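Quick look at coords.pdb (PDB, C-alpha atoms, pLDDT in the B column):
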```pdb
ATOM      1  CA  MET A   1     161.180-168.914  -3.016  1.00 50.00           C
ATOM      2  CA  ALA A   2     158.860-166.226  -4.387  1.00 58.00           C
ATOM      3  CA  GLU A   3     156.381-166.857  -7.210  1.00 57.00           C
ATOM      4  CA  ASP A   4     158.440-164.443  -9.357  1.00 64.00           C
ATOM      5  CA  ASP A   5     161.458-166.763  -9.254  1.00 75.00           C
ATOM      6  CA  LYS A   6     159.550-169.301 -11.323  1.00 82.00           C
ATOM      7  CA  LYS A   7     160.701-169.903 -14.897  1.00 83.00           C
ATOM      8  CA  ARG A   8     157.926-169.927 -17.484  1.00 87.00           C
ATOM      9  CA  LEU A   9     158.144-171.642 -20.841  1.00 92.00           C
ATOM     10  CA  THR A  10     155.724-172.717 -23.568  1.00 95.00           C
ATOM     11  CA  VAL A  11     156.525-176.182 -24.867  1.00 96.00           C
ATOM     12  CA  GLU A  12     154.938-178.238 -27.624  1.00 96.00           C
ATOM     13  CA  ILE A  13     153.995-181.796 -26.710  1.00 97.00           C
ATOM     14  CA  TYR A  14     152.332-184.077 -29.236  1.00 97.00           C
ATOM     15  CA  GLY A  15     151.054-181.092 -31.209  1.00 96.00           C
ATOM     16  CA  GLN A  16     149.636-179.137 -28.263  1.00 96.00           C
ATOM     17  CA  SER A  17     151.119-176.166 -26.428  1.00 97.00           C
ATOM     18  CA  TYR A  18     151.682-176.275 -22.695  1.00 96.00           C
ATOM     19  CA  ARG A  19     152.705-173.341 -20.536  1.00 93.00           C
ATOM     20  CA  ILE A  20     155.044-174.815 -17.961  1.00 91.00           C
ATOM     21  CA  LYS A  21     156.365-173.108 -14.881  1.00 85.00           C
ATOM     22  CA  GLY A  22     158.825-174.295 -12.316  1.00 81.00           C
ATOM     23  CA  TYR A  23     161.801-173.347 -10.211  1.00 73.00           C
ATOM     24  CA  THR A  24     164.252-175.316 -12.318  1.00 82.00           C
ATOM     25  CA  SER A  25     166.126-174.051 -15.367  1.00 87.00           C
ATOM     26  CA  VAL A  26     164.584-173.512 -18.801  1.00 89.00           C
ATOM     27  CA  ASN A  27     166.887-176.290 -20.072  1.00 90.00           C
ATOM     28  CA  HIS A  28     165.522-178.721 -17.509  1.00 91.00           C
ATOM     29  CA  ILE A  29     161.930-177.905 -18.532  1.00 92.00           C
ATOM     30  CA  ARG A  30     162.874-178.434 -22.208  1.00 94.00           C
ATOM     31  CA  THR A  31     164.517-181.787 -21.453  1.00 94.00           C
ATOM     32  CA  VAL A  32     161.477-182.975 -19.496  1.00 95.00           C
ATOM     33  CA  ALA A  33     159.008-181.826 -22.186  1.00 96.00           C
ATOM     34  CA  GLY A  34     161.099-183.411 -24.957  1.00 97.00           C
ATOM     35  CA  PHE A  35     161.219-186.667 -23.037  1.00 98.00           C
ATOM     36  CA  VAL A  36     157.400-186.757 -22.705  1.00 98.00           C
ATOM     37  CA  ASP A  37     156.919-185.803 -26.361  1.00 98.00           C
ATOM     38  CA  ASP A  38     159.291-188.594 -27.494  1.00 98.00           C
ATOM     39  CA  LYS A  39     157.548-191.118 -25.247  1.00 98.00           C
ATOM     40  CA  MET A  40     154.096-190.194 -26.628  1.00 98.00           C
ATOM     41  CA  ARG A  41     155.281-190.481 -30.239  1.00 98.00           C
ATOM     42  CA  GLU A  42     156.919-193.832 -29.508  1.00 97.00           C
ATOM     43  CA  ILE A  43     153.697-195.212 -27.945  1.00 97.00           C
ATOM     44  CA  ALA A  44     151.543-193.774 -30.759  1.00 97.00           C
ATOM     45  CA  GLU A  45     153.778-195.430 -33.350  1.00 97.00           C
ATOM     46  CA  THR A  46     153.480-198.834 -31.694  1.00 95.00           C
ATOM     47  CA  ASN A  47     149.718-198.452 -31.099  1.00 94.00           C
ATOM     48  CA  PRO A  48     148.311-196.398 -33.989  1.00 94.00           C
ATOM     49  CA  LYS A  49     144.675-196.867 -32.922  1.00 96.00           C
ATOM     50  CA  LEU A  50     145.006-195.257 -29.487  1.00 96.00           C
ATOM     51  CA  ASP A  51     143.463-191.835 -28.809  1.00 97.00           C
ATOM     52  CA  THR A  52     145.607-189.014 -27.422  1.00 97.00           C
ATOM     53  CA  THR A  53     144.358-189.381 -23.834  1.00 97.00           C
ATOM     54  CA  ARG A  54     145.290-193.062 -23.719  1.00 97.00           C
ATOM     55  CA  ILE A  55     148.662-192.303 -25.347  1.00 98.00           C
ATOM     56  CA  ALA A  56     149.325-189.679 -22.663  1.00 98.00           C
ATOM     57  CA  VAL A  57     148.231-191.956 -19.790  1.00 98.00           C
ATOM     58  CA  LEU A  58     150.358-194.829 -21.117  1.00 97.00           C
ATOM     59  CA  SER A  59     153.305-192.424 -21.395  1.00 97.00           C
ATOM     60  CA  ALA A  60     152.789-191.396 -17.780  1.00 98.00           C
ATOM     61  CA  ILE A  61     152.683-195.076 -16.745  1.00 97.00           C
ATOM     62  CA  ASN A  62     155.822-195.768 -18.729  1.00 96.00           C
ATOM     63  CA  ILE A  63     157.719-192.868 -17.159  1.00 97.00           C
ATOM     64  CA  ALA A  64     156.444-193.724 -13.661  1.00 97.00           C
ATOM     65  CA  ASP A  65     157.697-197.284 -14.207  1.00 95.00           C
ATOM     66  CA  GLU A  66     161.182-195.950 -15.037  1.00 96.00           C
ATOM     67  CA  TYR A  67     160.972-193.648 -12.005  1.00 97.00           C
ATOM     68  CA  PHE A  68     160.210-196.512  -9.593  1.00 96.00           C
ATOM     69  CA  ARG A  69     162.968-198.701 -11.048  1.00 95.00           C
ATOM     70  CA  LEU A  70     165.474-195.880 -10.659  1.00 97.00           C
ATOM     71  CA  LYS A  71     164.197-195.225  -7.117  1.00 97.00           C
ATOM     72  CA  GLU A  72     164.936-198.847  -6.232  1.00 96.00           C
ATOM     73  CA  GLU A  73     168.460-198.561  -7.699  1.00 96.00           C
ATOM     74  CA  TYR A  74     168.977-195.264  -5.852  1.00 97.00           C
ATOM     75  CA  GLU A  75     167.918-196.743  -2.524  1.00 97.00           C
ATOM     76  CA  LYS A  76     170.125-199.779  -3.074  1.00 96.00           C
ATOM     77  CA  LEU A  77     173.109-197.533  -3.795  1.00 94.00           C
ATOM     78  CA  LEU A  78     172.318-195.447  -0.727  1.00 92.00           C
ATOM     79  CA  ARG A  79     172.274-198.563   1.465  1.00 93.00           C
ATOM     80  CA  GLU A  80     175.588-199.710  -0.020  1.00 89.00           C
ATOM     81  CA  LYS A  81     177.123-196.294   0.596  1.00 85.00           C
ATOM     82  CA  GLU A  82     175.880-196.238   4.177  1.00 84.00           C
ATOM     83  CA  ALA A  83     177.221-199.726   4.797  1.00 85.00           C
ATOM     84  CA  ALA A  84     180.627-198.623   3.471  1.00 79.00           C
ATOM     85  CA  GLN A  85     180.637-195.389   5.529  1.00 73.00           C
ATOM     86  CA  PRO A  86     178.756-196.132   8.752  1.00 67.00           C
ATOM     87  CA  GLY A  87     177.830-193.180  10.920  1.00 63.00           C
ATOM     88  CA  LYS A  88     177.423-190.730   8.032  1.00 58.00           C
ATOM     89  CA  GLU A  89     174.265-188.630   7.775  1.00 59.00           C
ATOM     90  CA  ARG A  90     171.338-190.256   5.994  1.00 59.00           C
ATOM     91  CA  LYS A  91     170.112-188.594   2.847  1.00 59.00           C
ATOM     92  CA  SER A  92     166.517-189.149   1.790  1.00 62.00           C
ATOM     93  CA  ILE A  93     164.363-188.256  -1.192  1.00 62.00           C
TER      94      ILE A  93
ATOM     95  CA  MET B   1     162.488-213.683 -21.523  1.00 50.00           C
ATOM     96  CA  ALA B   2     159.540-215.163 -23.409  1.00 58.00           C
ATOM     97  CA  GLU B   3     156.335-213.264 -24.083  1.00 57.00           C
ATOM     98  CA  ASP B   4     154.571-215.727 -21.758  1.00 63.00           C
ATOM     99  CA  ASP B   5     156.610-214.517 -18.777  1.00 75.00           C
ATOM    100  CA  LYS B   6     154.866-211.156 -18.950  1.00 82.00           C
ATOM    101  CA  LYS B   7     152.448-210.268 -16.162  1.00 83.00           C
ATOM    102  CA  ARG B   8     149.111-208.877 -17.319  1.00 87.00           C
ATOM    103  CA  LEU B   9     146.850-206.700 -15.226  1.00 92.00           C
ATOM    104  CA  THR B  10     143.874-204.427 -15.820  1.00 95.00           C
ATOM    105  CA  VAL B  11     144.164-201.198 -13.854  1.00 96.00           C
ATOM    106  CA  GLU B  12     141.787-198.268 -13.535  1.00 96.00           C
ATOM    107  CA  ILE B  13     143.315-194.828 -14.107  1.00 97.00           C
ATOM    108  CA  TYR B  14     141.193-191.708 -13.902  1.00 97.00           C
ATOM    109  CA  GLY B  15     138.034-193.701 -14.654  1.00 96.00           C
ATOM    110  CA  GLN B  16     139.404-195.640 -17.633  1.00 96.00           C
ATOM    111  CA  SER B  17     140.647-199.223 -17.779  1.00 97.00           C
ATOM    112  CA  TYR B  18     144.123-200.026 -19.035  1.00 96.00           C
ATOM    113  CA  ARG B  19     145.452-203.500 -19.729  1.00 93.00           C
ATOM    114  CA  ILE B  20     149.077-203.341 -18.650  1.00 91.00           C
ATOM    115  CA  LYS B  21     151.715-205.949 -19.298  1.00 85.00           C
ATOM    116  CA  GLY B  22     155.276-206.101 -18.153  1.00 81.00           C
ATOM    117  CA  TYR B  23     157.983-208.329 -16.751  1.00 73.00           C
ATOM    118  CA  THR B  24     157.772-206.852 -13.265  1.00 82.00           C
ATOM    119  CA  SER B  25     155.506-208.037 -10.454  1.00 87.00           C
ATOM    120  CA  VAL B  26     151.779-207.376 -10.303  1.00 89.00           C
ATOM    121  CA  ASN B  27     152.467-205.277  -7.182  1.00 90.00           C
ATOM    122  CA  HIS B  28     154.886-203.073  -9.093  1.00 91.00           C
ATOM    123  CA  ILE B  29     152.323-202.511 -11.856  1.00 92.00           C
ATOM    124  CA  ARG B  30     149.700-201.606  -9.215  1.00 94.00           C
ATOM    125  CA  THR B  31     152.058-199.154  -7.508  1.00 94.00           C
ATOM    126  CA  VAL B  32     152.894-197.458 -10.819  1.00 95.00           C
ATOM    127  CA  ALA B  33     149.233-197.250 -11.899  1.00 96.00           C
ATOM    128  CA  GLY B  34     148.164-195.897  -8.496  1.00 97.00           C
ATOM    129  CA  PHE B  35     150.894-193.272  -8.672  1.00 98.00           C
ATOM    130  CA  VAL B  36     149.687-192.055 -12.104  1.00 98.00           C
ATOM    131  CA  ASP B  37     146.040-192.099 -10.977  1.00 98.00           C
ATOM    132  CA  ASP B  38     146.889-190.020  -7.866  1.00 98.00           C
ATOM    133  CA  LYS B  39     148.905-187.557  -9.939  1.00 98.00           C
ATOM    134  CA  MET B  40     146.067-187.074 -12.452  1.00 98.00           C
ATOM    135  CA  ARG B  41     143.506-186.479  -9.683  1.00 98.00           C
ATOM    136  CA  GLU B  42     145.837-184.025  -7.959  1.00 97.00           C
ATOM    137  CA  ILE B  43     146.325-182.030 -11.189  1.00 97.00           C
ATOM    138  CA  ALA B  44     142.586-182.146 -11.997  1.00 97.00           C
ATOM    139  CA  GLU B  45     141.784-180.807  -8.548  1.00 97.00           C
ATOM    140  CA  THR B  46     144.144-177.853  -8.914  1.00 95.00           C
ATOM    141  CA  ASN B  47     143.020-177.154 -12.507  1.00 94.00           C
ATOM    142  CA  PRO B  48     139.325-178.065 -12.760  1.00 94.00           C
ATOM    143  CA  LYS B  49     138.937-176.709 -16.302  1.00 96.00           C
ATOM    144  CA  LEU B  50     141.532-178.968 -17.950  1.00 96.00           C
ATOM    145  CA  ASP B  51     140.431-181.787 -20.243  1.00 97.00           C
ATOM    146  CA  THR B  52     141.602-185.356 -19.600  1.00 97.00           C
ATOM    147  CA  THR B  53     144.300-185.312 -22.295  1.00 97.00           C
ATOM    148  CA  ARG B  54     145.939-182.204 -20.830  1.00 97.00           C
ATOM    149  CA  ILE B  55     145.642-183.647 -17.314  1.00 98.00           C
ATOM    150  CA  ALA B  56     147.392-186.821 -18.513  1.00 98.00           C
ATOM    151  CA  VAL B  57     150.150-184.909 -20.363  1.00 98.00           C
ATOM    152  CA  LEU B  58     150.761-182.657 -17.352  1.00 97.00           C
ATOM    153  CA  SER B  59     150.932-185.756 -15.142  1.00 97.00           C
ATOM    154  CA  ALA B  60     153.517-187.253 -17.483  1.00 98.00           C
ATOM    155  CA  ILE B  61     155.529-183.987 -17.357  1.00 97.00           C
ATOM    156  CA  ASN B  62     155.307-183.942 -13.588  1.00 96.00           C
ATOM    157  CA  ILE B  63     156.493-187.548 -13.239  1.00 97.00           C
ATOM    158  CA  ALA B  64     159.274-187.011 -15.818  1.00 97.00           C
ATOM    159  CA  ASP B  65     160.403-183.984 -13.801  1.00 96.00           C
ATOM    160  CA  GLU B  66     160.680-186.156 -10.665  1.00 96.00           C
ATOM    161  CA  TYR B  67     162.487-188.813 -12.700  1.00 97.00           C
ATOM    162  CA  PHE B  68     165.146-186.383 -13.944  1.00 96.00           C
ATOM    163  CA  ARG B  69     165.684-184.926 -10.469  1.00 95.00           C
ATOM    164  CA  LEU B  70     166.131-188.406  -9.030  1.00 97.00           C
ATOM    165  CA  LYS B  71     168.467-189.294 -11.910  1.00 97.00           C
ATOM    166  CA  GLU B  72     170.653-186.324 -11.001  1.00 96.00           C
ATOM    167  CA  GLU B  73     170.718-187.406  -7.335  1.00 96.00           C
ATOM    168  CA  TYR B  74     171.488-190.972  -8.377  1.00 97.00           C
ATOM    169  CA  GLU B  75     174.394-189.909 -10.578  1.00 97.00           C
ATOM    170  CA  LYS B  76     175.752-187.660  -7.838  1.00 96.00           C
ATOM    171  CA  LEU B  77     175.622-190.533  -5.359  1.00 94.00           C
ATOM    172  CA  LEU B  78     177.303-192.820  -7.877  1.00 92.00           C
ATOM    173  CA  ARG B  79     180.161-190.314  -8.339  1.00 93.00           C
ATOM    174  CA  GLU B  80     180.558-189.990  -4.578  1.00 89.00           C
ATOM    175  CA  LYS B  81     180.640-193.752  -4.191  1.00 85.00           C
ATOM    176  CA  GLU B  82     183.222-194.107  -6.948  1.00 84.00           C
ATOM    177  CA  ALA B  83     185.373-191.381  -5.419  1.00 85.00           C
ATOM    178  CA  ALA B  84     185.252-193.215  -2.080  1.00 79.00           C
ATOM    179  CA  GLN B  85     186.037-196.593  -3.662  1.00 73.00           C
ATOM    180  CA  PRO B  86     188.295-195.928  -6.675  1.00 67.00           C
ATOM    181  CA  GLY B  87     188.861-198.819  -9.039  1.00 63.00           C
ATOM    182  CA  LYS B  88     185.462-200.453  -8.475  1.00 57.00           C
ATOM    183  CA  GLU B  89     183.310-201.374 -11.437  1.00 59.00           C
ATOM    184  CA  ARG B  90     181.114-198.619 -12.826  1.00 59.00           C
ATOM    185  CA  LYS B  91     177.388-199.187 -12.719  1.00 59.00           C
ATOM    186  CA  SER B  92     175.183-197.398 -15.210  1.00 62.00           C
ATOM    187  CA  ILE B  93     171.472-197.051 -15.846  1.00 62.00           C
TER     188      ILE B  93
END
```

Whole structure, structure tokens version:
Amino acid sequence: MAEDDKKRLTVEIYGQSYRIKGYTSVNHIRTVAGFVDDKMREIAETNPKLDTTRIAVLSAINIADEYFRLKEEYEKLLREKEAAQPGKERKSI
Amino acid sequence: MAEDDKKRLTVEIYGQSYRIKGYTSVNHIRTVAGFVDDKMREIAETNPKLDTTRIAVLSAINIADEYFRLKEEYEKLLREKEAAQPGKERKSI
């Protein structure tokens, strides 16, 4: 895909602007940015003394934790599906 | 689960220490922290002028992007599995 196919969008996260680009839709970028913004506000509310860098790192840890849990569920489901339909092509992420 | 069941671990992310607690294994916490640390270093390498807060926020965006893509794949797989085995219990995340 050419560089020109990239979508560009400025989003606001925790009071700062970020220029995001990616091959996905503008809606997807907005969803992702909103998710990070919510997570940062949630962590800041629970830990009012944290500086912005630590809030952002803890948000990243939090999201990565959810990612790895989902990955485990995904792989479990994939194994179940393969066991139910043996011989089908394996799909990997 | 009681508060005492929580695992506690100090991890180093991008040169700073974070005291992480959670109900998952120490190995899981290490994997998650290592993933965030790698992501921050990768972003810092590509964008050497960014400050640590922006590096952390962009890492969070990046990980959230992967999370939402995986979520889509997971839901697709779940629909396929349900279509192949109608009447089975629905599993949600």

- Task: Just give me the gap between atom CA of Asn62 of chain A and atom CA of Arg19 of chain A in Å, one decimal is fine.
- Result: 22.7 Å

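Our summary of the geometry notes that atom CA of Gln16 of chain B is positioned 11.5 Å from atom CA of Ala33 of chain B.
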
Give one line per residue of chain A that approaches chain B to at most 9 Å, naming the two atoms of the closest pair and their distance in Å to one decimal, counting only C-alpha atoms; sort by chain then ascending residue number and deliver it as CSV.
```
residue,atom,partner,partner_atom,distance
A:Ile13,CA,B:Val57,CA,8.0
A:Gln16,CA,B:Arg54,CA,8.9
A:Tyr18,CA,B:Leu58,CA,8.4
A:Ile20,CA,B:Leu58,CA,9.0
A:His28,CA,B:Asp65,CA,8.2
A:Ile29,CA,B:Asp65,CA,7.9
A:Thr31,CA,B:Phe68,CA,8.8
A:Val32,CA,B:Asp65,CA,5.9
A:Ala33,CA,B:Ile61,CA,6.3
A:Phe35,CA,B:Ala64,CA,7.5
A:Val36,CA,B:Ile61,CA,6.3
A:Thr52,CA,B:Thr53,CA,6.5
A:Thr53,CA,B:Thr53,CA,4.4
A:Arg54,CA,B:Thr53,CA,7.9
A:Ile55,CA,B:Thr53,CA,8.8
A:Ala56,CA,B:Val57,CA,5.4
A:Val57,CA,B:Ala56,CA,5.4
A:Leu58,CA,B:Tyr18,CA,8.4
A:Ser59,CA,B:Ala60,CA,6.5
A:Ala60,CA,B:Ala60,CA,4.2
A:Ile61,CA,B:Val36,CA,6.3
A:Asn62,CA,B:Val32,CA,8.6
A:Ile63,CA,B:Ala64,CA,6.2
A:Ala64,CA,B:Val32,CA,5.9
A:Asp65,CA,B:Val32,CA,5.9
A:Glu66,CA,B:Tyr67,CA,7.6
A:Tyr67,CA,B:Tyr67,CA,5.1
A:Phe68,CA,B:Val32,CA,7.5
A:Leu70,CA,B:Lys71,CA,7.3
A:Lys71,CA,B:Leu70,CA,7.3
A:Glu73,CA,B:Tyr74,CA,8.2
A:Tyr74,CA,B:Tyr74,CA,5.6
A:Glu75,CA,B:Tyr74,CA,9.0
A:Leu77,CA,B:Leu78,CA,7.5
A:Leu78,CA,B:Leu77,CA,7.5
A:Glu80,CA,B:Lys81,CA,8.9
A:Lys81,CA,B:Lys81,CA,6.5
A:Ile93,CA,B:Leu70,CA,8.0
```

Hey, could you pull the box centre and edge lengths for segment 66-77 of chain A, axis-aligned, 5 Å padding per side, all listed atoms, to one decimal in Å, as JSON?
```
{"center_x": 166.7, "center_y": -196.7, "center_z": -8.8, "size_x": 22.9, "size_y": 16.1, "size_z": 22.5}
```

- Message: Let me make sure I understand: if you superpose chain A onto chain B using all C-alpha atoms paired in order, what RMSD in Å results?
- Response: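 Least-squares fit of chain A onto chain B, C-alpha RMSD 0.0 Å.
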
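Rounded to one decimal, atom CA of Arg8 of chain B and atom CA of Lys76 of chain A lie 27.0 Å from each other.
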
- Find the residue from B:Thr10, B:Arg79, B:Gly15, B:Glu72 that sits nearest to Arg41 of chain B; use only C-alpha atoms when measuring. B:Gly15

- Exercise: Lys21 of chain A partners within 7 Å, all atoms listed in the file, chain neighbours under 5 positions left out, as a PyMOL selection string: chain A and resi 6-9
